[in-house]
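Below is one structure, written out as structure tokens; the observations come after it.
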Amino acid sequence: MNYLEKILFAGVVLAGGCCCAQAASPYQAVVAADGSGDYLTVGEAIAAAPAVHEGAWKILVKRGEYRELVKIPAEKKNIHLIGEGRDKTIIHHPINYGGAPDANPRYRLTDYWKWSKNNPESSVAGDMTAVVDVRGDGFLAWGIGFVNDWGVESWSGPQALAMYSNADRVAFGECALRSFQDTWRTPDADSHRNYAGGCLIEGAVDYIYGGGDVFVEGSTLYNVRSGSVIVAPNHGAPEWGYVFRDCVIDGNFEAADGKQKLGRPWQRKPRAVYINTIALIPITEGGWDEMGTVPGIFAEYNTVGRDGKAVDLSRRKTHYKPNRRGKNGEDLGEGDCQAVLTPEQAAGYTYSNVVAGKDGWDPRAMMTRLARPANLRLEGETLSWDKVEGAIGYMVYDGEKLLGVTDECALKVSGHPQWAYMVKAVNPSGIPGKTGV
């Protein structure tokens with residue numbers, strides 16, 4: 001049954017409420033593992049989404065665990081996946097890039113080959129590269145956990161992507177991206193923009209890598225082993241590269257031994273800067289590590305420790321010698337790169353400069369959470385509330401249980417709640433707002 005067939009007929013008109021006699025969902029589709037939605041899996045909902053549509057195609061993914069591999073093809077643009085919280089709505093699966101065991105003695109004692117996409121007998125064999133593979137521009141995810149089970153459960157390589165966001169205008173809000181090696185692969189194209197706000201990104205080995213202009217703010221970078229390396233970019237000539245602003249670097253006990261590294265340069269002329277970072281675990285004195293090239297810029301500004309005091313950046317690494325040779329065996333040379341930004345340089349790495357582009361893309365505005373609905377009242381079996389400015393609909397809960405979604409300011413309920421009735425206004429992007437009780 002699709003969402004049009006699940007229209008609710010409220011048949012009520014309430015003072016201060018909406019005046020339609022017919023109430024519909026603010027979402028084009030609802031996914032629910034328990035069968036209470038339009039689809040059982042996220043993949044089914046994506047497959048049913050039209051290639052051409054006006055505005056965002058909003059899919060509510062109800063709380064639950066969805067063990068599947070999901071691909072957003074290039075023709076499916078402006079898909080919005082809205083969850084109920086990154087620890088409540090979880091898309092997960094084991095998959096990795098491992099080669100045949102004989103070629104990888106390091107991994108012979110593990111069962112990674114069972115979940116390798118390169119194993120023709122594996123259930124994950126094929127063209128999928130990550131748990132979620134995004135190719136359609138304008139993708140937005142909010143309140144969802146993206147987990148590569150191989151990385152999280154084995155705490156081992158080989159590379160096991162939770163997310164591959166190979167598209168422009170991709171945004172994550174209050175999401176979790178979790179694995180061990182290569183958790184999040186960012187766009188191939190330098191011109192593509194990605195954004196993450198209020199997220200948890202977890203891993204150990206190069207767990208954010210790739211290209212693109214990527215702006216991460218107010219997020220936690222969580223490390224799960226000694227000597228973890230956060231980024232391994234391979235930019236060609238991006239305008240900005242990776243920008244981490246107002247983020248926290250944290251980790252488990254093993255990662256708190258002072259061997260943590262901010263990143264290493266994978267290929268070409270990678271760029272990464274950390275601005276206003278709070279390091280809850282210590283970073284190695286040099287900050288960065290060697291890899292395959294000399295970075296364009298690997299630098300910091302205003303990093304502070306757990307005690308709130310400024311971290312000494314005077315010994316940060318500035319000289320790099322690639323640890324590999326070129327395709328024809330040539331020496332790739334060595335070189336220097338800036339390690340500390342000036343205040344003027346740091347001031348230039350703003351949200352609008354990195355994210356907006358020529359089209360004025362503004363994921364912050366898309367993720368603005370609306371005010372809490374006021375004046376909730378129960379009259380018989382009808383729960384109603386005052387209209388919230390800018391809302392396209394509402395989510396109604398009894399405690400943590402979602403009772404329904406509606407574009408009205410009322411919903412029929414079964415008398416008194418088990419816990420407490422709560423209502424959240426849904427903004428035009430599909431994101432729920434603050435809770436009215």
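Each chain of the structure tokens is named A, B, ... in the order shown, its residues numbered from 1; ligands are numbered from 1 in display order.
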**OP:** Once DSSP has gone over the backbone, tell me which residues of region 16-117 of chain A are in strand (DSSP E or B), as a PyMOL selection string.
**Re:** chain A and resi 23+29-31+39+57-61+64-67+70-72+79-82+89-93+96+116
Residue subset to file, keeping N, CA, C and O atoms, as a CSV table (one decimal), in the first residue's frame:
```
chain,number,residue,atom,x,y,z
A,23,ALA,N,-6.9,14.7,6.1
A,23,ALA,CA,-5.5,14.8,6.6
A,23,ALA,C,-4.6,13.8,5.9
A,23,ALA,O,-5.0,12.6,5.7
A,29,ALA,N,6.5,8.8,1.6
A,29,ALA,CA,6.6,7.3,1.9
A,29,ALA,C,7.0,7.1,3.4
A,29,ALA,O,7.7,8.0,3.9
A,30,VAL,N,6.5,6.0,4.0
A,30,VAL,CA,6.9,5.7,5.3
A,30,VAL,C,7.5,4.2,5.3
A,30,VAL,O,6.8,3.3,4.7
A,31,VAL,N,8.7,4.1,5.9
A,31,VAL,CA,9.3,2.7,5.9
A,31,VAL,C,9.2,2.3,7.4
A,31,VAL,O,9.5,3.0,8.3
A,39,TYR,N,6.4,0.6,3.3
A,39,TYR,CA,7.4,-0.3,2.8
A,39,TYR,C,8.1,-0.9,4.0
A,39,TYR,O,8.2,-0.3,5.1
A,57,TRP,N,11.8,14.5,-2.0
A,57,TRP,CA,11.0,13.3,-1.9
A,57,TRP,C,11.3,12.8,-0.5
A,57,TRP,O,12.4,12.2,-0.2
A,58,LYS,N,10.4,13.0,0.4
A,58,LYS,CA,10.7,12.8,1.9
A,58,LYS,C,10.2,11.4,2.3
A,58,LYS,O,9.0,11.0,2.1
A,59,ILE,N,11.1,10.6,2.8
A,59,ILE,CA,10.8,9.2,3.3
A,59,ILE,C,11.1,9.2,4.8
A,59,ILE,O,12.2,9.4,5.2
A,60,LEU,N,10.1,8.9,5.5
A,60,LEU,CA,10.2,8.7,7.0
A,60,LEU,C,10.6,7.2,7.2
A,60,LEU,O,9.9,6.3,6.8
A,61,VAL,N,11.7,7.0,7.9
A,61,VAL,CA,12.2,5.7,8.3
A,61,VAL,C,11.9,5.5,9.8
A,61,VAL,O,12.7,6.1,10.6
A,64,GLY,N,13.8,1.3,14.2
A,64,GLY,CA,14.0,-0.1,13.9
A,64,GLY,C,15.3,-0.3,13.3
A,64,GLY,O,16.1,0.7,12.9
A,65,GLU,N,15.7,-1.6,13.1
A,65,GLU,CA,17.0,-1.9,12.5
A,65,GLU,C,16.7,-2.4,11.1
A,65,GLU,O,15.8,-3.3,10.9
A,66,TYR,N,17.3,-1.9,10.1
A,66,TYR,CA,17.1,-2.2,8.7
A,66,TYR,C,18.4,-2.8,8.2
A,66,TYR,O,19.4,-2.1,7.9
A,67,ARG,N,18.5,-4.1,8.1
A,67,ARG,CA,19.7,-4.8,7.6
A,67,ARG,C,19.6,-5.0,6.1
A,67,ARG,O,19.1,-5.9,5.6
A,70,VAL,N,21.8,-0.1,0.7
A,70,VAL,CA,21.0,0.8,0.0
A,70,VAL,C,21.8,1.7,-1.0
A,70,VAL,O,22.8,2.2,-0.6
A,71,LYS,N,21.2,1.8,-2.2
A,71,LYS,CA,21.9,2.7,-3.2
A,71,LYS,C,20.9,3.7,-3.6
A,71,LYS,O,19.7,3.4,-4.0
A,72,ILE,N,21.3,5.0,-3.6
A,72,ILE,CA,20.6,6.1,-4.2
A,72,ILE,C,21.1,6.4,-5.6
A,72,ILE,O,22.2,7.0,-5.7
A,79,ILE,N,16.4,13.1,-2.5
A,79,ILE,CA,15.9,12.2,-1.6
A,79,ILE,C,16.2,12.6,-0.2
A,79,ILE,O,17.4,12.8,0.2
A,80,HIS,N,15.2,12.6,0.7
A,80,HIS,CA,15.4,12.9,2.1
A,80,HIS,C,15.0,11.7,2.9
A,80,HIS,O,13.8,11.3,2.9
A,81,LEU,N,16.0,11.1,3.7
A,81,LEU,CA,15.7,10.0,4.6
A,81,LEU,C,15.6,10.6,6.0
A,81,LEU,O,16.6,11.1,6.5
A,82,ILE,N,14.5,10.5,6.6
A,82,ILE,CA,14.3,11.0,7.9
A,82,ILE,C,14.1,9.9,8.9
A,82,ILE,O,13.1,9.1,8.8
A,89,THR,N,16.8,4.6,14.6
A,89,THR,CA,16.7,4.2,13.2
A,89,THR,C,18.1,3.9,12.7
A,89,THR,O,18.9,4.8,12.5
A,90,ILE,N,18.3,2.6,12.4
A,90,ILE,CA,19.7,2.2,12.1
A,90,ILE,C,19.6,1.3,10.8
A,90,ILE,O,18.9,0.3,10.7
A,91,ILE,N,20.4,1.8,9.8
A,91,ILE,CA,20.6,1.0,8.6
A,91,ILE,C,22.0,0.4,8.6
A,91,ILE,O,23.0,1.1,8.8
A,92,HIS,N,22.0,-0.9,8.6
A,92,HIS,CA,23.3,-1.6,8.8
A,92,HIS,C,23.4,-2.9,8.0
A,92,HIS,O,22.4,-3.4,7.5
A,93,HIS,N,24.7,-3.3,7.8
A,93,HIS,CA,25.0,-4.5,7.1
A,93,HIS,C,26.5,-4.7,7.1
A,93,HIS,O,27.2,-3.8,7.1
A,96,ASN,N,32.7,-5.5,3.0
A,96,ASN,CA,34.1,-5.0,3.0
A,96,ASN,C,34.7,-5.2,1.6
A,96,ASN,O,34.1,-5.8,0.7
A,116,SER,N,33.0,-10.1,1.9
A,116,SER,CA,33.7,-9.3,0.9
A,116,SER,C,32.9,-9.2,-0.4
A,116,SER,O,32.5,-10.2,-0.9
```
Original post:
Which polymer residues have any atom within 7 Å of an atom of region 187-200 of chain A, counting only C-alpha atoms, with same-chain residues fewer than 3 positions away left out, as JSON, numbers by chain?
Top reply: {"A": [165, 166, 167, 168, 169, 170, 171, 172, 173, 174, 175, 176, 177, 210, 211, 212, 213, 214, 215, 216, 217, 218, 219, 220, 221, 235, 236, 237, 238, 355]}
Select from region 175-274 of chain A every residue with an atom at most 7 Å from any atom of region 289-295 of chain A, then for each give the shortest pair of atoms and their distance in Å to one decimal, using only C-alpha atoms, rows by chain and rising number, as CSV.
```
residue,atom,partner,partner_atom,distance
A:Lys261,CA,A:Asp289,CA,6.8
A:Gly263,CA,A:Asp289,CA,6.3
A:Arg264,CA,A:Asp289,CA,4.9
A:Pro265,CA,A:Met291,CA,5.3
A:Trp266,CA,A:Gly292,CA,5.1
A:Gln267,CA,A:Thr293,CA,5.4
A:Arg268,CA,A:Thr293,CA,6.3
A:Lys269,CA,A:Pro295,CA,4.9
A:Pro270,CA,A:Pro295,CA,4.9
A:Arg271,CA,A:Pro295,CA,6.3
```
Those selected residues, please, written with all heavy atoms and delivered as a PDB file, in the first residue's frame.
```pdb
ATOM      1  N   LYS A 261      46.222  10.490  15.351  1.00  0.00           N
ATOM      2  CA  LYS A 261      46.662  11.397  14.281  1.00  0.00           C
ATOM      3  C   LYS A 261      45.461  12.030  13.594  1.00  0.00           C
ATOM      4  O   LYS A 261      44.423  11.397  13.405  1.00  0.00           O
ATOM      5  CB  LYS A 261      47.534  10.644  13.275  1.00  0.00           C
ATOM      6  CG  LYS A 261      48.828  10.087  13.881  1.00  0.00           C
ATOM      7  CD  LYS A 261      49.647   9.351  12.837  1.00  0.00           C
ATOM      8  CE  LYS A 261      50.949   8.825  13.437  1.00  0.00           C
ATOM      9  NZ  LYS A 261      50.694   7.758  14.441  1.00  0.00           N
ATOM     10  N   GLY A 263      45.402  13.076  10.453  1.00  0.00           N
ATOM     11  CA  GLY A 263      45.211  12.617   9.080  1.00  0.00           C
ATOM     12  C   GLY A 263      46.524  12.326   8.400  1.00  0.00           C
ATOM     13  O   GLY A 263      47.613  12.525   8.962  1.00  0.00           O
ATOM     14  N   ARG A 264      46.409  11.826   7.156  1.00  0.00           N
ATOM     15  CA  ARG A 264      47.578  11.588   6.318  1.00  0.00           C
ATOM     16  C   ARG A 264      47.172  11.802   4.865  1.00  0.00           C
ATOM     17  O   ARG A 264      46.010  11.594   4.481  1.00  0.00           O
ATOM     18  CB  ARG A 264      48.140  10.182   6.549  1.00  0.00           C
ATOM     19  CG  ARG A 264      47.158   9.033   6.392  1.00  0.00           C
ATOM     20  CD  ARG A 264      47.840   7.720   6.714  1.00  0.00           C
ATOM     21  NE  ARG A 264      46.942   6.579   6.540  1.00  0.00           N
ATOM     22  CZ  ARG A 264      47.340   5.311   6.581  1.00  0.00           C
ATOM     23  NH1 ARG A 264      48.627   5.027   6.765  1.00  0.00           N
ATOM     24  NH2 ARG A 264      46.475   4.326   6.429  1.00  0.00           N
ATOM     25  N   PRO A 265      48.119  12.247   4.026  1.00  0.00           N
ATOM     26  CA  PRO A 265      47.787  12.621   2.650  1.00  0.00           C
ATOM     27  C   PRO A 265      47.777  11.415   1.718  1.00  0.00           C
ATOM     28  O   PRO A 265      48.816  10.830   1.439  1.00  0.00           O
ATOM     29  CB  PRO A 265      48.901  13.602   2.287  1.00  0.00           C
ATOM     30  CG  PRO A 265      50.078  13.156   3.103  1.00  0.00           C
ATOM     31  CD  PRO A 265      49.523  12.584   4.375  1.00  0.00           C
ATOM     32  N   TRP A 266      46.606  11.065   1.201  1.00  0.00           N
ATOM     33  CA  TRP A 266      46.461   9.879   0.364  1.00  0.00           C
ATOM     34  C   TRP A 266      47.087  10.101  -1.018  1.00  0.00           C
ATOM     35  O   TRP A 266      48.084   9.482  -1.377  1.00  0.00           O
ATOM     36  CB  TRP A 266      44.978   9.527   0.264  1.00  0.00           C
ATOM     37  CG  TRP A 266      44.669   8.339  -0.606  1.00  0.00           C
ATOM     38  CD1 TRP A 266      45.531   7.360  -1.013  1.00  0.00           C
ATOM     39  CD2 TRP A 266      43.402   8.009  -1.169  1.00  0.00           C
ATOM     40  NE1 TRP A 266      44.871   6.438  -1.792  1.00  0.00           N
ATOM     41  CE2 TRP A 266      43.561   6.810  -1.903  1.00  0.00           C
ATOM     42  CE3 TRP A 266      42.134   8.599  -1.126  1.00  0.00           C
ATOM     43  CZ2 TRP A 266      42.503   6.195  -2.585  1.00  0.00           C
ATOM     44  CZ3 TRP A 266      41.085   7.991  -1.799  1.00  0.00           C
ATOM     45  CH2 TRP A 266      41.269   6.811  -2.513  1.00  0.00           C
ATOM     46  N   GLN A 267      46.502  11.003  -1.811  1.00  0.00           N
ATOM     47  CA  GLN A 267      46.977  11.244  -3.174  1.00  0.00           C
ATOM     48  C   GLN A 267      46.796  12.712  -3.532  1.00  0.00           C
ATOM     49  O   GLN A 267      46.096  13.456  -2.852  1.00  0.00           O
ATOM     50  CB  GLN A 267      46.209  10.381  -4.185  1.00  0.00           C
ATOM     51  CG  GLN A 267      46.391   8.885  -4.028  1.00  0.00           C
ATOM     52  CD  GLN A 267      45.468   8.103  -4.956  1.00  0.00           C
ATOM     53  OE1 GLN A 267      44.676   8.675  -5.698  1.00  0.00           O
ATOM     54  NE2 GLN A 267      45.563   6.785  -4.919  1.00  0.00           N
ATOM     55  N   ARG A 268      47.419  13.098  -4.644  1.00  0.00           N
ATOM     56  CA  ARG A 268      47.300  14.439  -5.229  1.00  0.00           C
ATOM     57  C   ARG A 268      47.683  15.527  -4.222  1.00  0.00           C
ATOM     58  O   ARG A 268      48.741  15.450  -3.624  1.00  0.00           O
ATOM     59  CB  ARG A 268      45.895  14.618  -5.826  1.00  0.00           C
ATOM     60  CG  ARG A 268      45.580  13.578  -6.894  1.00  0.00           C
ATOM     61  CD  ARG A 268      44.306  13.889  -7.642  1.00  0.00           C
ATOM     62  NE  ARG A 268      43.119  13.764  -6.820  1.00  0.00           N
ATOM     63  CZ  ARG A 268      41.912  14.130  -7.220  1.00  0.00           C
ATOM     64  NH1 ARG A 268      41.734  14.664  -8.414  1.00  0.00           N
ATOM     65  NH2 ARG A 268      40.867  13.976  -6.426  1.00  0.00           N
ATOM     66  N   LYS A 269      46.842  16.535  -3.993  1.00  0.00           N
ATOM     67  CA  LYS A 269      47.173  17.637  -3.094  1.00  0.00           C
ATOM     68  C   LYS A 269      46.070  17.829  -2.048  1.00  0.00           C
ATOM     69  O   LYS A 269      45.328  18.813  -2.062  1.00  0.00           O
ATOM     70  CB  LYS A 269      47.369  18.937  -3.896  1.00  0.00           C
ATOM     71  CG  LYS A 269      48.655  18.972  -4.707  1.00  0.00           C
ATOM     72  CD  LYS A 269      49.869  19.048  -3.797  1.00  0.00           C
ATOM     73  CE  LYS A 269      51.167  19.133  -4.585  1.00  0.00           C
ATOM     74  NZ  LYS A 269      52.351  19.142  -3.701  1.00  0.00           N
ATOM     75  N   PRO A 270      45.939  16.897  -1.128  1.00  0.00           N
ATOM     76  CA  PRO A 270      44.822  16.935  -0.188  1.00  0.00           C
ATOM     77  C   PRO A 270      44.860  18.142   0.736  1.00  0.00           C
ATOM     78  O   PRO A 270      45.914  18.667   1.067  1.00  0.00           O
ATOM     79  CB  PRO A 270      44.983  15.635   0.600  1.00  0.00           C
ATOM     80  CG  PRO A 270      46.422  15.275   0.458  1.00  0.00           C
ATOM     81  CD  PRO A 270      46.832  15.758  -0.887  1.00  0.00           C
ATOM     82  N   ARG A 271      43.649  18.538   1.159  1.00  0.00           N
ATOM     83  CA  ARG A 271      43.499  19.702   2.030  1.00  0.00           C
ATOM     84  C   ARG A 271      42.582  19.335   3.203  1.00  0.00           C
ATOM     85  O   ARG A 271      41.504  18.773   3.005  1.00  0.00           O
ATOM     86  CB  ARG A 271      42.895  20.880   1.270  1.00  0.00           C
ATOM     87  CG  ARG A 271      43.698  21.302   0.046  1.00  0.00           C
ATOM     88  CD  ARG A 271      43.012  22.450  -0.707  1.00  0.00           C
ATOM     89  NE  ARG A 271      42.920  23.653   0.111  1.00  0.00           N
ATOM     90  CZ  ARG A 271      43.854  24.576   0.179  1.00  0.00           C
ATOM     91  NH1 ARG A 271      44.976  24.440  -0.524  1.00  0.00           N
ATOM     92  NH2 ARG A 271      43.700  25.644   0.932  1.00  0.00           N
TER      93      ARG A 271
END
```
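With CA of Gly286 (chain A) on one side and CA of Tyr222 (chain A) on the other, the separation reads 19.5 Å.
Within region 139-326 of chain A, the backbone-based DSSP assignment of alpha helix (DSSP H) covers Asp149, Trp150, Gly151, Val152, Glu153 and Ser154 of chain A.
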Can you write just those residues out, N, CA and C atoms, as a tab-separated table (two decimals), in the first residue's frame?
```tsv
chain	number	residue	atom	x	y	z
A	149	ASP	N	28.50	-3.27	9.81
A	149	ASP	CA	28.64	-4.27	10.88
A	149	ASP	C	30.01	-4.93	10.88
A	150	TRP	N	30.61	-5.10	9.69
A	150	TRP	CA	31.93	-5.73	9.67
A	150	TRP	C	32.92	-4.91	10.49
A	151	GLY	N	32.98	-3.60	10.22
A	151	GLY	CA	33.93	-2.75	10.92
A	151	GLY	C	33.66	-2.65	12.40
A	152	VAL	N	32.39	-2.44	12.77
A	152	VAL	CA	32.04	-2.21	14.17
A	152	VAL	C	32.22	-3.48	15.00
A	153	GLU	N	31.84	-4.63	14.44
A	153	GLU	CA	31.88	-5.86	15.22
A	153	GLU	C	33.25	-6.52	15.24
A	154	SER	N	34.02	-6.37	14.15
A	154	SER	CA	35.34	-7.02	14.10
A	154	SER	C	36.44	-6.13	14.64
```
Subject >> Spatial neighbours of Gly203 (chain A), 9 Å, only C-alpha atoms, chain gap at least 4 places, as a list in words >> reply: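 Close residues of Gly203 (chain A): Gly151, Val152, Trp155, Leu177, Arg178, Ser179, Phe180, Gln181, Asp182, Thr183, Tyr207, Ile208, Leu221, Tyr222, Asn223, Val224, Arg225, Ser228, Val229 and Ile230 of chain A.
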Subject >> Nearby residues (only C-alpha atoms) at most 9 Å from region 98-102 of chain A, same-chain spacing under 6 positions excluded, as number ranges by chain >> reply: A: 108, 112-113, 115-119, 157-160
Keeping only all heavy atoms, write the selected residues as a JSON list (two decimals), in the first residue's frame.
```json
[["chain", "number", "residue", "atom", "x", "y", "z"],
["A", 108, "ARG", "N", 43.76, -13.71, 7.46],
["A", 108, "ARG", "CA", 43.40, -15.11, 7.28],
["A", 108, "ARG", "C", 42.62, -15.69, 8.45],
["A", 108, "ARG", "O", 41.84, -16.63, 8.29],
["A", 108, "ARG", "CB", 44.66, -15.95, 7.04],
["A", 108, "ARG", "CG", 45.20, -15.81, 5.62],
["A", 108, "ARG", "CD", 46.47, -16.62, 5.45],
["A", 108, "ARG", "NE", 47.06, -16.38, 4.13],
["A", 108, "ARG", "CZ", 48.31, -16.69, 3.81],
["A", 108, "ARG", "NH1", 49.09, -17.26, 4.72],
["A", 108, "ARG", "NH2", 48.77, -16.44, 2.60],
["A", 112, "TYR", "N", 36.36, -12.30, 7.26],
["A", 112, "TYR", "CA", 36.02, -11.15, 6.43],
["A", 112, "TYR", "C", 35.61, -11.56, 5.02],
["A", 112, "TYR", "O", 34.78, -10.92, 4.37],
["A", 112, "TYR", "CB", 37.20, -10.16, 6.35],
["A", 112, "TYR", "CG", 38.22, -10.53, 5.32],
["A", 112, "TYR", "CD1", 38.15, -10.03, 4.04],
["A", 112, "TYR", "CD2", 39.23, -11.43, 5.62],
["A", 112, "TYR", "CE1", 39.06, -10.42, 3.08],
["A", 112, "TYR", "CE2", 40.14, -11.81, 4.68],
["A", 112, "TYR", "CZ", 40.05, -11.30, 3.40],
["A", 112, "TYR", "OH", 40.95, -11.69, 2.44],
["A", 113, "TRP", "N", 36.20, -12.66, 4.49],
["A", 113, "TRP", "CA", 35.94, -13.07, 3.11],
["A", 113, "TRP", "C", 34.47, -13.39, 2.90],
["A", 113, "TRP", "O", 33.93, -13.20, 1.81],
["A", 113, "TRP", "CB", 36.83, -14.27, 2.78],
["A", 113, "TRP", "CG", 36.79, -14.74, 1.35],
["A", 113, "TRP", "CD1", 36.49, -15.99, 0.91],
["A", 113, "TRP", "CD2", 37.09, -13.98, 0.17],
["A", 113, "TRP", "NE1", 36.58, -16.07, -0.46],
["A", 113, "TRP", "CE2", 36.95, -14.84, -0.95],
["A", 113, "TRP", "CE3", 37.46, -12.64, -0.05],
["A", 113, "TRP", "CZ2", 37.16, -14.42, -2.26],
["A", 113, "TRP", "CZ3", 37.67, -12.23, -1.36],
["A", 113, "TRP", "CH2", 37.51, -13.10, -2.44],
["A", 115, "TRP", "N", 32.10, -11.71, 3.89],
["A", 115, "TRP", "CA", 31.38, -10.46, 3.66],
["A", 115, "TRP", "C", 32.12, -9.55, 2.68],
["A", 115, "TRP", "O", 31.87, -8.34, 2.65],
["A", 115, "TRP", "CB", 31.16, -9.74, 5.00],
["A", 115, "TRP", "CG", 30.37, -10.56, 5.95],
["A", 115, "TRP", "CD1", 30.81, -11.15, 7.09],
["A", 115, "TRP", "CD2", 28.99, -10.91, 5.82],
["A", 115, "TRP", "NE1", 29.79, -11.85, 7.69],
["A", 115, "TRP", "CE2", 28.66, -11.72, 6.92],
["A", 115, "TRP", "CE3", 28.00, -10.62, 4.87],
["A", 115, "TRP", "CZ2", 27.39, -12.23, 7.11],
["A", 115, "TRP", "CZ3", 26.72, -11.13, 5.06],
["A", 115, "TRP", "CH2", 26.43, -11.93, 6.17],
["A", 116, "SER", "N", 33.02, -10.11, 1.89],
["A", 116, "SER", "CA", 33.74, -9.30, 0.91],
["A", 116, "SER", "C", 32.95, -9.17, -0.37],
["A", 116, "SER", "O", 32.46, -10.17, -0.93],
["A", 116, "SER", "CB", 35.10, -9.92, 0.61],
["A", 116, "SER", "OG", 35.72, -9.24, -0.47],
["A", 117, "LYS", "N", 32.86, -7.94, -0.87],
["A", 117, "LYS", "CA", 32.19, -7.72, -2.15],
["A", 117, "LYS", "C", 32.96, -8.35, -3.31],
["A", 117, "LYS", "O", 32.42, -8.51, -4.41],
["A", 117, "LYS", "CB", 32.01, -6.23, -2.40],
["A", 117, "LYS", "CG", 33.31, -5.47, -2.68],
["A", 117, "LYS", "CD", 33.08, -3.99, -2.87],
["A", 117, "LYS", "CE", 32.23, -3.67, -4.07],
["A", 117, "LYS", "NZ", 32.87, -4.02, -5.36],
["A", 118, "ASN", "N", 34.21, -8.71, -3.07],
["A", 118, "ASN", "CA", 35.03, -9.34, -4.11],
["A", 118, "ASN", "C", 34.92, -10.86, -4.11],
["A", 118, "ASN", "O", 35.50, -11.52, -4.97],
["A", 118, "ASN", "CB", 36.49, -8.94, -3.92],
["A", 118, "ASN", "CG", 36.70, -7.45, -4.07],
["A", 118, "ASN", "OD1", 36.22, -6.85, -5.03],
["A", 118, "ASN", "ND2", 37.39, -6.83, -3.12],
["A", 119, "ASN", "N", 34.18, -11.41, -3.18],
["A", 119, "ASN", "CA", 33.96, -12.85, -3.11],
["A", 119, "ASN", "C", 32.72, -13.19, -3.94],
["A", 119, "ASN", "O", 31.60, -12.83, -3.57],
["A", 119, "ASN", "CB", 33.76, -13.27, -1.65],
["A", 119, "ASN", "CG", 33.49, -14.74, -1.49],
["A", 119, "ASN", "OD1", 33.41, -15.50, -2.47],
["A", 119, "ASN", "ND2", 33.35, -15.18, -0.25],
["A", 157, "GLY", "N", 40.25, -4.24, 9.80],
["A", 157, "GLY", "CA", 40.08, -4.05, 8.38],
["A", 157, "GLY", "C", 39.61, -5.35, 7.76],
["A", 157, "GLY", "O", 39.30, -6.31, 8.46],
["A", 158, "PRO", "N", 39.51, -5.42, 6.45],
["A", 158, "PRO", "CA", 39.86, -4.39, 5.48],
["A", 158, "PRO", "C", 38.83, -3.27, 5.41],
["A", 158, "PRO", "O", 37.92, -3.23, 6.24],
["A", 158, "PRO", "CB", 39.92, -5.17, 4.17],
["A", 158, "PRO", "CG", 38.94, -6.29, 4.37],
["A", 158, "PRO", "CD", 39.05, -6.66, 5.81],
["A", 159, "GLN", "N", 39.01, -2.38, 4.41],
["A", 159, "GLN", "CA", 38.14, -1.22, 4.35],
["A", 159, "GLN", "C", 36.68, -1.67, 4.27],
["A", 159, "GLN", "O", 36.32, -2.60, 3.55],
["A", 159, "GLN", "CB", 38.51, -0.31, 3.18],
["A", 159, "GLN", "CG", 38.42, -0.93, 1.81],
["A", 159, "GLN", "CD", 38.90, 0.03, 0.72],
["A", 159, "GLN", "OE1", 39.43, -0.42, -0.28],
["A", 159, "GLN", "NE2", 38.70, 1.31, 0.87],
["A", 160, "ALA", "N", 35.86, -0.96, 5.04],
["A", 160, "ALA", "CA", 34.45, -1.33, 5.17],
["A", 160, "ALA", "C", 33.64, -0.06, 5.32],
["A", 160, "ALA", "O", 33.48, 0.47, 6.43],
["A", 160, "ALA", "CB", 34.26, -2.25, 6.38]]
```
**OP:** Write out as an MDAnalysis selection string which residues come within 7 Å of region 391-408 of chain A when counting only C-alpha atoms, dropping same-chain ones fewer than 6 positions away.
**Re:** chainID A and resid 18 23:26 417:428
**OP:** May I have the residues within 9 Å of Ala74 (chain A) as number ranges by chain, using only C-alpha atoms and disregarding those fewer than 5 positions away in the same chain?
**Re:** A: 134-137, 167
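CA of Lys88 (chain A) lies 17.6 Å from CA of Leu140 (chain A).
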